[in-house]
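This is my_file02.csv. It holds CSV, C-alpha atoms.
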```csv
chain,number,residue,atom,x,y,z
A,1,LEU,CA,0.0,0.0,0.0
A,2,ALA,CA,2.9,2.3,-0.7
A,3,LEU,CA,0.9,4.6,-2.9
A,4,CYS,CA,-1.6,5.3,-0.1
A,5,SER,CA,1.1,6.4,2.2
A,6,LEU,CA,2.6,8.6,-0.5
A,7,LEU,CA,-0.7,10.3,-1.2
A,8,ALA,CA,-1.2,11.0,2.5
A,9,ALA,CA,1.9,13.1,2.4
A,10,VAL,CA,0.7,15.3,-0.4
A,11,PRO,CA,-0.6,18.7,0.9
A,12,SER,CA,-4.4,19.2,0.6
A,13,ALA,CA,-5.5,21.3,-2.3
A,14,HIS,CA,-8.4,22.7,-0.2
A,15,GLY,CA,-10.9,22.9,-3.0
A,16,MET,CA,-8.6,23.3,-5.9
A,17,LYS,CA,-9.7,21.3,-8.9
A,18,LEU,CA,-7.2,19.1,-10.7
A,19,ALA,CA,-7.8,18.1,-14.3
A,20,PHE,CA,-6.1,15.3,-16.1
A,21,SER,CA,-6.7,13.2,-19.2
A,22,VAL,CA,-7.6,9.6,-19.1
A,23,PRO,CA,-7.0,7.6,-22.3
A,24,GLY,CA,-10.2,6.4,-24.0
A,25,LEU,CA,-12.4,8.9,-22.2
A,26,GLY,CA,-11.9,11.7,-24.7
A,27,GLY,CA,-11.0,14.6,-22.5
A,28,ALA,CA,-10.0,15.9,-19.1
A,29,ILE,CA,-11.7,14.8,-15.8
A,30,SER,CA,-11.9,17.2,-12.9
A,31,LEU,CA,-11.6,16.0,-9.3
A,32,LEU,CA,-11.9,18.0,-6.2
A,33,ALA,CA,-8.7,17.4,-4.3
A,34,ALA,CA,-9.7,18.6,-0.9
A,35,ASN,CA,-9.5,16.3,2.2
A,36,LYS,CA,-13.2,16.6,2.8
A,37,ALA,CA,-16.4,15.0,1.6
A,38,ILE,CA,-17.5,16.2,-1.8
A,39,SER,CA,-21.1,17.4,-2.0
A,40,ALA,CA,-22.9,16.7,-5.3
A,41,THR,CA,-26.5,16.2,-6.4
A,42,ALA,CA,-25.4,13.1,-8.4
A,43,VAL,CA,-22.5,10.8,-7.7
A,44,ARG,CA,-19.7,11.3,-10.3
A,45,MET,CA,-18.1,8.3,-11.8
A,46,GLN,CA,-15.2,7.6,-14.1
A,47,VAL,CA,-14.0,4.3,-15.6
A,48,SER,CA,-10.3,3.7,-14.9
A,49,PRO,CA,-8.6,2.0,-17.9
A,50,ALA,CA,-5.7,-0.3,-17.3
A,51,GLY,CA,-3.2,2.3,-18.2
A,52,SER,CA,-4.5,5.2,-16.1
A,53,THR,CA,-3.4,6.3,-12.7
A,54,PRO,CA,-5.1,6.3,-9.2
A,55,SER,CA,-7.6,9.0,-8.5
A,56,GLY,CA,-6.1,10.2,-5.3
A,57,ASN,CA,-7.6,10.5,-1.9
A,58,ASN,CA,-11.3,10.7,-0.9
A,59,VAL,CA,-12.3,8.2,-3.5
A,60,LEU,CA,-14.5,5.0,-3.7
A,61,TYR,CA,-13.3,2.3,-6.0
A,62,ALA,CA,-16.0,0.0,-7.3
A,63,LYS,CA,-16.5,-2.7,-9.8
A,64,ALA,CA,-17.5,-1.6,-13.3
A,65,ALA,CA,-20.3,-3.1,-15.4
A,66,PRO,CA,-20.4,-3.0,-19.2
A,67,GLY,CA,-20.9,0.4,-20.7
A,68,GLY,CA,-19.1,2.2,-17.9
A,69,LYS,CA,-21.9,1.7,-15.4
A,70,LEU,CA,-21.6,1.1,-11.7
A,71,GLY,CA,-21.3,-2.6,-11.1
A,72,ASP,CA,-23.5,-5.1,-9.2
A,73,CYS,CA,-21.5,-6.0,-6.2
A,74,PRO,CA,-23.7,-6.1,-3.1
A,75,PHE,CA,-20.7,-5.5,-0.8
A,76,THR,CA,-20.0,-2.3,-2.7
A,77,HIS,CA,-23.6,-1.4,-2.4
A,78,LYS,CA,-23.4,-1.9,1.4
A,79,ALA,CA,-20.4,0.4,1.6
A,80,ASN,CA,-21.6,2.9,-0.9
A,81,PHE,CA,-25.0,3.1,0.8
A,82,ALA,CA,-23.4,3.7,4.2
A,83,LEU,CA,-21.2,6.5,2.8
A,84,ARG,CA,-24.1,8.3,1.2
A,85,ALA,CA,-26.3,7.8,4.3
A,86,LYS,CA,-23.6,9.7,6.3
A,87,GLY,CA,-23.4,12.5,3.7
A,88,ILE,CA,-20.0,11.4,2.4
A,89,ASP,CA,-20.2,12.0,-1.3
A,90,PHE,CA,-16.9,10.7,-2.6
A,91,PRO,CA,-16.6,10.4,-6.4
A,92,THR,CA,-16.5,6.8,-7.6
A,93,THR,CA,-13.8,5.3,-9.8
A,94,LEU,CA,-14.9,2.2,-11.6
A,95,ILE,CA,-12.5,-0.7,-12.0
A,96,ASP,CA,-12.8,-3.1,-15.0
A,97,PHE,CA,-12.5,-6.5,-13.4
A,98,ASP,CA,-11.6,-8.1,-16.7
A,99,ALA,CA,-8.6,-5.8,-17.0
A,100,LYS,CA,-7.6,-4.6,-13.5
A,101,PRO,CA,-5.0,-1.8,-13.6
A,102,ALA,CA,-1.6,-2.8,-12.3
A,103,TRP,CA,-1.5,0.2,-10.0
A,104,PHE,CA,-4.8,-0.9,-8.5
A,105,LEU,CA,-3.4,-4.3,-7.7
A,106,GLU,CA,0.0,-3.1,-6.6
A,107,ASP,CA,-0.8,0.1,-4.7
A,108,ILE,CA,-4.4,0.1,-3.7
A,109,ASN,CA,-5.7,-3.4,-3.1
A,110,PRO,CA,-3.5,-6.5,-3.9
A,111,LYS,CA,-6.5,-8.7,-3.4
A,112,GLY,CA,-8.1,-7.1,-6.4
A,113,THR,CA,-11.5,-6.7,-4.8
A,114,CYS,CA,-13.9,-3.9,-4.4
A,115,PRO,CA,-15.1,-1.8,-2.7
A,116,VAL,CA,-12.1,0.2,-1.7
A,117,VAL,CA,-12.2,3.6,0.0
A,118,VAL,CA,-9.1,5.8,0.1
A,119,THR,CA,-9.7,8.3,2.8
A,120,GLY,CA,-8.4,11.9,3.1
A,121,ASP,CA,-5.2,10.8,5.0
A,122,GLY,CA,-4.4,8.1,2.4
A,123,THR,CA,-5.7,5.1,4.3
A,124,CYS,CA,-7.0,2.3,2.1
A,125,LEU,CA,-10.0,0.5,3.4
A,126,THR,CA,-10.6,-2.8,1.5
A,127,GLU,CA,-13.4,-4.4,3.4
A,128,SER,CA,-17.0,-3.3,3.3
A,129,ASP,CA,-17.5,-3.6,7.0
A,130,ASP,CA,-14.4,-1.5,7.6
A,131,ILE,CA,-15.8,1.2,5.3
A,132,VAL,CA,-19.2,1.2,7.1
A,133,ALA,CA,-17.4,1.5,10.5
A,134,TRP,CA,-15.1,4.3,9.1
A,135,ALA,CA,-18.1,6.2,7.7
A,136,ASP,CA,-20.0,5.9,11.0
A,137,LYS,CA,-17.1,7.8,12.8
A,138,GLN,CA,-17.2,10.8,10.4
A,139,SER,CA,-20.4,12.3,11.8
A,140,PRO,CA,-22.8,11.6,14.6
A,141,SER,CA,-26.0,11.1,12.6
A,142,PRO,CA,-27.4,8.7,11.6
A,143,GLN,CA,-25.7,6.3,14.0
A,144,LEU,CA,-25.0,3.2,11.9
A,145,ILE,CA,-23.4,0.9,14.5
A,146,GLY,CA,-24.4,-0.1,18.0
A,147,ARG,CA,-28.1,0.9,18.0
A,148,PRO,CA,-30.5,-0.9,20.3
A,149,ASN,CA,-31.8,-4.2,19.0
A,150,SER,CA,-29.1,-4.3,16.3
A,151,ASP,CA,-28.2,-7.9,17.1
A,152,LYS,CA,-31.7,-9.2,16.1
A,153,ALA,CA,-31.8,-7.0,13.1
A,154,LEU,CA,-28.4,-8.3,12.0
A,155,GLU,CA,-29.7,-11.9,12.4
A,156,VAL,CA,-32.7,-11.5,10.2
A,157,ALA,CA,-30.9,-9.3,7.6
A,158,GLY,CA,-27.9,-11.6,7.4
A,159,ALA,CA,-30.0,-14.6,6.4
A,160,VAL,CA,-31.3,-13.1,3.2
A,161,PHE,CA,-28.3,-13.0,1.0
A,162,PRO,CA,-27.1,-16.6,1.3
A,163,ALA,CA,-30.6,-17.8,0.7
A,164,ALA,CA,-31.2,-15.6,-2.3
A,165,ALA,CA,-27.8,-16.3,-3.8
A,166,GLY,CA,-28.3,-20.0,-3.3
A,167,LEU,CA,-31.5,-19.9,-5.2
A,168,ILE,CA,-30.3,-17.6,-8.0
A,169,LYS,CA,-27.2,-19.7,-8.7
A,170,ASN,CA,-29.0,-23.1,-8.5
A,171,GLN,CA,-29.1,-25.1,-11.7
A,172,ASP,CA,-30.2,-28.4,-10.1
A,173,ALA,CA,-33.9,-29.0,-10.6
A,174,ALA,CA,-33.9,-31.5,-7.7
A,175,LEU,CA,-32.8,-28.7,-5.3
A,176,GLU,CA,-35.0,-25.9,-6.6
A,177,GLU,CA,-37.8,-26.3,-4.1
A,178,GLU,CA,-35.4,-26.6,-1.2
A,179,LYS,CA,-33.7,-23.4,-2.3
A,180,ARG,CA,-37.0,-21.6,-2.7
A,181,ALA,CA,-38.1,-22.7,0.7
A,182,ALA,CA,-34.9,-21.4,2.3
A,183,LEU,CA,-35.4,-18.0,0.8
A,184,LYS,CA,-39.1,-18.0,1.8
A,185,ALA,CA,-38.1,-18.8,5.4
A,186,ALA,CA,-35.6,-16.0,5.5
A,187,LEU,CA,-38.0,-13.5,4.0
A,188,ALA,CA,-40.8,-14.7,6.4
A,189,ASN,CA,-38.5,-14.0,9.4
A,190,LEU,CA,-37.7,-10.6,8.0
A,191,ASN,CA,-41.3,-9.8,7.4
A,192,ALA,CA,-42.3,-10.8,10.9
A,193,TYR,CA,-39.4,-8.7,12.3
A,194,LEU,CA,-40.6,-5.7,10.3
A,195,ILE,CA,-44.2,-6.1,11.5
A,196,SER,CA,-43.1,-6.3,15.2
A,197,ASN,CA,-40.7,-3.3,15.1
A,198,PRO,CA,-41.4,0.4,14.4
A,199,GLY,CA,-40.0,1.3,11.0
A,200,PRO,CA,-39.9,2.1,8.3
A,201,LEU,CA,-36.3,0.8,8.4
A,202,LEU,CA,-34.9,-2.0,10.4
A,203,LEU,CA,-34.1,0.1,13.5
A,204,GLY,CA,-36.5,2.9,13.1
A,205,SER,CA,-36.6,5.9,10.8
A,206,GLU,CA,-32.8,6.3,10.3
A,207,VAL,CA,-30.4,4.1,8.3
A,208,SER,CA,-28.4,1.6,10.3
A,209,ALA,CA,-25.5,-0.7,9.5
A,210,GLU,CA,-28.0,-3.5,9.3
A,211,ASP,CA,-29.9,-1.7,6.5
A,212,CYS,CA,-26.6,-1.2,4.7
A,213,ARG,CA,-26.0,-5.0,4.9
A,214,LEU,CA,-29.5,-5.8,3.5
A,215,VAL,CA,-29.9,-3.2,0.8
A,216,GLY,CA,-27.9,-5.1,-1.8
A,217,PRO,CA,-29.2,-8.6,-1.2
A,218,LEU,CA,-32.8,-7.5,-1.1
A,219,TYR,CA,-32.4,-5.5,-4.3
A,220,HIS,CA,-30.7,-8.4,-6.1
A,221,ALA,CA,-33.5,-10.8,-4.9
A,222,SER,CA,-36.2,-8.4,-6.2
A,223,VAL,CA,-34.6,-8.2,-9.6
A,224,ALA,CA,-32.7,-11.4,-10.4
A,225,ILE,CA,-35.2,-13.9,-9.1
A,226,PRO,CA,-38.1,-12.6,-11.2
A,227,HIS,CA,-35.8,-12.5,-14.2
A,228,TYR,CA,-34.2,-16.0,-13.9
A,229,LYS,CA,-36.7,-17.9,-11.8
A,230,LYS,CA,-39.9,-16.3,-13.1
A,231,TYR,CA,-41.6,-15.5,-9.8
A,232,ASP,CA,-41.6,-12.6,-7.3
A,233,PRO,CA,-40.1,-13.7,-4.0
A,234,LEU,CA,-41.5,-10.7,-2.2
A,235,ALA,CA,-45.1,-11.2,-3.3
A,236,ASP,CA,-46.2,-12.8,-0.1
A,237,PHE,CA,-44.4,-10.4,2.2
A,238,PRO,CA,-45.9,-7.0,2.3
A,239,ALA,CA,-43.8,-5.7,5.1
A,240,VAL,CA,-40.7,-6.6,3.2
A,241,GLN,CA,-42.1,-4.8,0.1
A,242,ALA,CA,-42.8,-1.7,2.2
A,243,TYR,CA,-39.3,-1.9,3.7
A,244,LEU,CA,-37.7,-2.0,0.2
A,245,SER,CA,-39.8,0.9,-0.9
A,246,ALA,CA,-38.6,2.9,2.2
A,247,LEU,CA,-35.0,2.1,1.3
A,248,GLN,CA,-35.6,3.2,-2.3
A,249,SER,CA,-37.0,6.5,-1.1
A,250,THR,CA,-33.7,7.5,0.6
A,251,GLU,CA,-31.1,9.8,-0.9
A,252,ALA,CA,-28.5,7.1,-0.1
A,253,TRP,CA,-30.3,4.7,-2.3
A,254,GLN,CA,-30.6,7.1,-5.2
A,255,LYS,CA,-26.8,7.8,-5.0
A,256,SER,CA,-25.7,4.2,-4.6
A,257,VAL,CA,-28.0,2.1,-6.8
A,258,TYR,CA,-27.1,0.5,-10.1
A,259,ASP,CA,-29.4,-0.3,-13.0
A,260,PRO,CA,-31.6,-3.5,-12.8
A,261,ASP,CA,-30.0,-4.7,-16.0
A,262,VAL,CA,-26.7,-4.6,-14.2
A,263,VAL,CA,-28.1,-7.0,-11.5
A,264,VAL,CA,-29.2,-9.3,-14.3
A,265,TRP,CA,-25.8,-9.1,-16.0
A,266,GLY,CA,-24.0,-9.9,-12.7
A,267,TRP,CA,-25.8,-13.2,-12.3
A,268,SER,CA,-25.7,-14.2,-16.0
A,269,LYS,CA,-22.5,-16.1,-15.6
A,270,PHE,CA,-24.5,-18.9,-13.9
A,271,TYR,CA,-26.8,-19.1,-17.0
A,272,GLN,CA,-24.3,-19.4,-19.8
```
Before anything else, please render the file you have as structure tokens.
Amino acid sequence: LALCSLLAAVPSAHGMKLAFSVPGLGGAISLLAANKAISATAVRMQVSPAGSTPSGNNVLYAKAAPGGKLGDCPFTHKANFALRAKGIDFPTTLIDFDAKPAWFLEDINPKGTCPVVVTGDGTCLTESDDIVAWADKQSPSPQLIGRPNSDKALEVAGAVFPAAAGLIKNQDAALEEEKRAALKAALANLNAYLISNPGPLLLGSEVSAEDCRLVGPLYHASVAIPHYKKYDPLADFPAVQAYLSALQSTEAWQKSVYDPDVVVWGWSKFYQ
């Protein structure tokens, strides 16, 4: 992580804009180089070709989808949603996973995974849980971690993704009913939890770390399962439907969501 340390030693530009050219993008890209959150009505994104250079500090690196779109990774969705919920509007640099830049592997994250956040002091955060925890420390509200009843919320939220992924990936007809039943049980538990707790989100009216964990898996289930399995897994769970609608109404959702066709593309490798 030598580059991250080097970037930390560069003086802050305190609002000065830096412009540089990225091959293949046909022009200069401006980045705000201040060591502070960047306010914007829409999240700015750029695709980072293999020959380009790192984007500096105060940046979220995320998987790219075809066409230069934000990718489908639910772990990136968790981290991105947490950042936006806390009002941290870092620009997003998209990494082509089919041609990962050498500088990304050598200087940012040798594991080659996303999400990655490079903070204002040059620290590289390469795990989504670490990004959520860091984001929570940047401002007091909303409190993401350590809220009352968070253990139960985490239990019901954490069961959705493995069940949904197991069903979406399944190609064995003999296991299909078992996979559907597992997801139905996870969603039934979530539905019961939502009915018995004041909402509209998992721990009340403000976003929590548990919401950040669930936002990607629930979105994937609501898009990929109707497409590939030809049924709506949320149809029997009105409280879950209302919860997803509440998530979708937040500014954090609007700034972190990716297109439904990207969700379908992300799971297509299991159907080739």
Contacts between range 137-147 of chain A and range 59-132 of chain A, please, where a residue of range 59-132 of chain A counts if it comes within 10 Å (with only C-alpha atoms); show its shortest atom pair and distance in Å to one decimal, rows by chain and ascending number, as CSV.
```
residue,atom,partner,partner_atom,distance
A:Ala82,CA,A:Leu144,CA,7.9
A:Leu83,CA,A:Gln138,CA,9.6
A:Ala85,CA,A:Pro142,CA,7.4
A:Lys86,CA,A:Pro142,CA,6.6
A:Gly87,CA,A:Ser139,CA,8.6
A:Ile88,CA,A:Gln138,CA,8.5
A:Val132,CA,A:Leu144,CA,7.8
```
A:Gly166, A:Gly67, A:Gly122, A:Pro238 ranked by distance to Leu187 in chain A, top pick (using only C-alpha atoms):
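Of A:Gly166, A:Gly67, A:Gly122, A:Pro238, the one nearest Leu187 in chain A is A:Pro238, counting only C-alpha atoms.
Minimum distance to Asp98 in chain A across A:Pro115, A:Gly158, A:Pro66, A:Gly56 (counting all atoms listed in the file) occurs at A:Pro66.
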I'd like to know which of A:Cys114, A:Leu201, A:Ala235, A:Val47 is closest to Asn80 in chain A, using only C-alpha atoms.
A:Cys114
From the options A:Val207, A:Ala182, A:Ala165, A:Leu247, which residue's atoms come nearest to Tyr228 in chain A, counting all atoms listed in the file?
A:Ala165
If we count all atoms listed in the file, what is near range 239-245 of chain A at a cut-off of 9 Å, once residues fewer than 3 positions away on the same chain are taken out, given as a list in words?
Leu187, Ala188, Leu190, Asn191, Ala192, Tyr193, Leu194, Ile195, Gly199, Pro200, Leu201, Leu202, Val215, Leu218, Tyr219, Leu234, Ala235, Asp236, Gln248 and Ser249 of chain A
Excluding Asn57 in chain A and any residue of its chain fewer than 2 positions from it, enumerate the residues within 6 Å of it, using all atoms listed in the file, and give them as a count of residues only.
5
Restricted to all heavy atoms, what does range 150-163 of chain A look like when written out as a CSV table (one decimal), in the first residue's frame?
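Output (selection.csv):
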```csv
chain,number,residue,atom,x,y,z
A,150,SER,N,-29.9,-4.1,17.5
A,150,SER,CA,-29.1,-4.3,16.3
A,150,SER,C,-28.8,-5.8,16.1
A,150,SER,O,-28.7,-6.3,15.0
A,150,SER,CB,-27.9,-3.5,16.2
A,150,SER,OG,-27.0,-3.7,17.3
A,151,ASP,N,-28.6,-6.5,17.2
A,151,ASP,CA,-28.2,-7.9,17.1
A,151,ASP,C,-29.3,-8.7,16.4
A,151,ASP,O,-29.1,-9.5,15.5
A,151,ASP,CB,-27.9,-8.6,18.4
A,151,ASP,CG,-26.6,-8.1,19.0
A,151,ASP,OD1,-25.8,-7.5,18.3
A,151,ASP,OD2,-26.4,-8.3,20.2
A,152,LYS,N,-30.6,-8.5,16.8
A,152,LYS,CA,-31.7,-9.2,16.1
A,152,LYS,C,-31.9,-8.8,14.7
A,152,LYS,O,-32.1,-9.6,13.8
A,152,LYS,CB,-33.0,-9.0,16.9
A,152,LYS,CG,-34.2,-9.7,16.3
A,152,LYS,CD,-34.0,-11.2,16.3
A,152,LYS,CE,-35.3,-11.9,15.8
A,152,LYS,NZ,-35.1,-13.4,15.8
A,153,ALA,N,-31.7,-7.5,14.4
A,153,ALA,CA,-31.8,-7.0,13.1
A,153,ALA,C,-30.7,-7.6,12.2
A,153,ALA,O,-31.0,-8.0,11.0
A,153,ALA,CB,-31.7,-5.4,13.0
A,154,LEU,N,-29.5,-7.7,12.7
A,154,LEU,CA,-28.4,-8.3,12.0
A,154,LEU,C,-28.7,-9.8,11.7
A,154,LEU,O,-28.4,-10.3,10.6
A,154,LEU,CB,-27.1,-8.2,12.8
A,154,LEU,CG,-25.9,-8.9,12.1
A,154,LEU,CD1,-25.6,-8.2,10.8
A,154,LEU,CD2,-24.7,-8.7,13.1
A,155,GLU,N,-29.3,-10.5,12.6
A,155,GLU,CA,-29.7,-11.9,12.4
A,155,GLU,C,-30.6,-12.1,11.3
A,155,GLU,O,-30.4,-12.9,10.4
A,155,GLU,CB,-30.3,-12.5,13.7
A,155,GLU,CG,-30.7,-13.9,13.6
A,155,GLU,CD,-31.4,-14.4,14.9
A,155,GLU,OE1,-31.2,-13.8,15.9
A,155,GLU,OE2,-32.2,-15.4,14.8
A,156,VAL,N,-31.7,-11.3,11.2
A,156,VAL,CA,-32.7,-11.5,10.2
A,156,VAL,C,-32.2,-10.9,8.8
A,156,VAL,O,-32.4,-11.5,7.8
A,156,VAL,CB,-34.0,-10.8,10.5
A,156,VAL,CG1,-34.6,-11.5,11.7
A,156,VAL,CG2,-33.9,-9.3,10.7
A,157,ALA,N,-31.4,-9.9,8.9
A,157,ALA,CA,-30.9,-9.3,7.6
A,157,ALA,C,-29.8,-10.2,7.0
A,157,ALA,O,-29.7,-10.4,5.8
A,157,ALA,CB,-30.3,-7.9,7.9
A,158,GLY,N,-29.0,-10.8,7.9
A,158,GLY,CA,-27.9,-11.6,7.4
A,158,GLY,C,-28.3,-12.9,6.7
A,158,GLY,O,-27.5,-13.5,6.0
A,159,ALA,N,-29.5,-13.4,7.0
A,159,ALA,CA,-30.0,-14.6,6.4
A,159,ALA,C,-30.5,-14.5,5.0
A,159,ALA,O,-30.6,-15.5,4.3
A,159,ALA,CB,-31.1,-15.2,7.3
A,160,VAL,N,-30.7,-13.3,4.5
A,160,VAL,CA,-31.3,-13.1,3.2
A,160,VAL,C,-30.4,-13.4,2.1
A,160,VAL,O,-30.7,-14.1,1.1
A,160,VAL,CB,-31.9,-11.7,3.1
A,160,VAL,CG1,-32.4,-11.4,1.6
A,160,VAL,CG2,-33.1,-11.5,4.1
A,161,PHE,N,-29.2,-12.9,2.1
A,161,PHE,CA,-28.3,-13.0,1.0
A,161,PHE,C,-27.9,-14.4,0.7
A,161,PHE,O,-27.9,-14.9,-0.5
A,161,PHE,CB,-27.0,-12.1,1.2
A,161,PHE,CG,-26.1,-12.1,0.0
A,161,PHE,CD1,-26.6,-11.8,-1.3
A,161,PHE,CD2,-24.8,-12.4,0.0
A,161,PHE,CE1,-25.8,-11.8,-2.4
A,161,PHE,CE2,-24.0,-12.4,-1.1
A,161,PHE,CZ,-24.5,-12.1,-2.3
A,162,PRO,N,-27.4,-15.2,1.7
A,162,PRO,CA,-27.1,-16.6,1.3
A,162,PRO,C,-28.2,-17.4,0.7
A,162,PRO,O,-28.0,-18.2,-0.2
A,162,PRO,CB,-26.6,-17.2,2.6
A,162,PRO,CG,-27.0,-16.3,3.7
A,162,PRO,CD,-27.1,-14.9,3.1
A,163,ALA,N,-29.4,-17.1,1.3
A,163,ALA,CA,-30.6,-17.8,0.7
A,163,ALA,C,-30.9,-17.4,-0.7
A,163,ALA,O,-31.2,-18.2,-1.6
A,163,ALA,CB,-31.8,-17.6,1.6
```
